[in-house]
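Peer 1: The structure under discussion is supplied below as structure tokens; questions concerning it will follow.
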Amino acid sequence: MGRRRFPSSASLFEHLPKSRRERPETAPARRSAAPPEQPDLLGWTPPPTQLAAADVEASFLSPVGFRPPAGEAFVYHLTDAATARSFVDEGLPLADGLMFRTAAHLAEDLAHVSAVDDMGVVRVRRRLIQPWLTADRQEGRPCYVLGPEPS
């Protein structure tokens with residue numbers, strides 16, 4: 001048997017370029033994506049669950065003989081006397097959806113209540129709770145609802 005001769009491998013690669021194409025010396029550096037910022041869990045404070053009575057200038061008023069003052073610097077919450085006193089002592093809970101009215105609308109409410117002796121009014125300065133108030137309507141009249149999220 002005869003030996004088969006294979007062509008030399010050198011002749012197969014004679015026509016290929018001798019060097020690669022030149023690259024610039026300063027190749028642009030790949031930019032790695034910035035790692036996402038992780039919040040500081042130790043510095044996190046939970047959202048407030050109530051507003052301190054002193055911070056909103058809460059005060060207790062008797063509904064007997066209530067006369068609406070001029071202006072709308074305050075809003076009012078009508079409830080039973082014990083609850084009103086606890087709000088003035090302990091603060092306003094944000095999760096309870098407390099309803100506040102202006103002085104004029106509170107006077108209208110009081111005109112329809114027969115047993116005002118057992119009632120109490122919580123008066124708070126409007127601008128101090130404004131971020132947590134949402135405008136609403138009840139029985140066709142405007143009111144404000146105190147909520148957990150600043151609006």
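For the structure tokens, the naming scheme is as follows: chains receive sequential letters (A, B, ...) according to their order of presentation, residues are indexed from 1 within each chain, and ligands are indexed from 1 in presentation order.
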Write out as a count of residues only the residues lying within 8 Å of region 138-147 of chain A, counting only C-alpha atoms and excluding same-chain residues fewer than 4 positions away.

Peer 2: 14

Peer 1: Considering only C-alpha atoms, return as a list of chain:residue names whatever protein or nucleic-acid residues lie within 7 Å of Gln50 (chain A), sequence-local ones (same chain, fewer than 6 positions apart) excluded.

Peer 2: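 Skipping anything fewer than 6 positions along the chain leaves A:Gly91, A:Leu92, A:Pro93, A:Leu94.
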
Peer 1: In Å, how far is it from CA of Ala82 (chain A) to CA of Pro48 (chain A)?

Peer 2: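 Distance reported for this atom pair: 23.5 Å.
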
Peer 1: Have a look at CA of Leu78 (chain A) and CA of Glu108 (chain A) and let me know their distance in Å, one decimal.

Peer 2: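 Those two atoms sit 11.7 Å apart.
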
Peer 1: I want to know what sits within 10 Å of Asp80 (chain A), based on only C-alpha atoms, with residues of the same chain fewer than 3 positions away left out; could you give that as a VMD selection string?

Peer 2: chain A and resid 77 83 to 85 116 to 121

Peer 1: Name the residues of region 23-90 of chain A that fall into strand (DSSP E or B) according to DSSP on the backbone, using the chain letters and numbers of this document, as a ChimeraX atom specification.

Peer 2: /A:50-51,59-61,74-80

Peer 1: Limited to N, CA and C atoms, could you put the picked residues into a file as a PDB file, in the first residue's frame?

Peer 2:
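And here is the file that came out, out.pdb:
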```
ATOM      1  N   GLN A  50     -49.504  58.446  65.481  1.00  0.00           N
ATOM      2  CA  GLN A  50     -50.356  59.467  66.085  1.00  0.00           C
ATOM      3  C   GLN A  50     -49.608  60.779  66.140  1.00  0.00           C
ATOM      4  N   LEU A  51     -50.366  61.841  66.288  1.00  0.00           N
ATOM      5  CA  LEU A  51     -49.800  63.183  66.409  1.00  0.00           C
ATOM      6  C   LEU A  51     -49.921  63.596  67.872  1.00  0.00           C
ATOM      7  N   SER A  59     -56.850  71.093  72.204  1.00  0.00           N
ATOM      8  CA  SER A  59     -57.484  71.544  73.449  1.00  0.00           C
ATOM      9  C   SER A  59     -58.922  71.034  73.485  1.00  0.00           C
ATOM     10  N   PHE A  60     -59.430  70.897  74.700  1.00  0.00           N
ATOM     11  CA  PHE A  60     -60.790  70.407  74.924  1.00  0.00           C
ATOM     12  C   PHE A  60     -61.720  71.604  75.060  1.00  0.00           C
ATOM     13  N   LEU A  61     -62.855  71.541  74.364  1.00  0.00           N
ATOM     14  CA  LEU A  61     -63.883  72.576  74.484  1.00  0.00           C
ATOM     15  C   LEU A  61     -65.202  71.915  74.825  1.00  0.00           C
ATOM     16  N   PHE A  74     -58.494  76.954  63.071  1.00  0.00           N
ATOM     17  CA  PHE A  74     -58.663  75.700  63.787  1.00  0.00           C
ATOM     18  C   PHE A  74     -59.693  74.818  63.096  1.00  0.00           C
ATOM     19  N   VAL A  75     -59.572  73.507  63.337  1.00  0.00           N
ATOM     20  CA  VAL A  75     -60.603  72.555  62.934  1.00  0.00           C
ATOM     21  C   VAL A  75     -61.012  71.799  64.193  1.00  0.00           C
ATOM     22  N   TYR A  76     -62.200  71.211  64.142  1.00  0.00           N
ATOM     23  CA  TYR A  76     -62.816  70.662  65.353  1.00  0.00           C
ATOM     24  C   TYR A  76     -63.319  69.242  65.111  1.00  0.00           C
ATOM     25  N   HIS A  77     -63.178  68.418  66.154  1.00  0.00           N
ATOM     26  CA  HIS A  77     -63.665  67.042  66.129  1.00  0.00           C
ATOM     27  C   HIS A  77     -64.664  66.887  67.267  1.00  0.00           C
ATOM     28  N   LEU A  78     -65.886  66.479  66.943  1.00  0.00           N
ATOM     29  CA  LEU A  78     -66.945  66.291  67.935  1.00  0.00           C
ATOM     30  C   LEU A  78     -67.042  64.817  68.291  1.00  0.00           C
ATOM     31  N   THR A  79     -66.995  64.512  69.565  1.00  0.00           N
ATOM     32  CA  THR A  79     -67.079  63.129  70.034  1.00  0.00           C
ATOM     33  C   THR A  79     -67.592  63.147  71.476  1.00  0.00           C
ATOM     34  N   ASP A  80     -67.602  61.969  72.114  1.00  0.00           N
ATOM     35  CA  ASP A  80     -68.016  61.964  73.521  1.00  0.00           C
ATOM     36  C   ASP A  80     -66.906  62.609  74.366  1.00  0.00           C
TER      37      ASP A  80
END
```
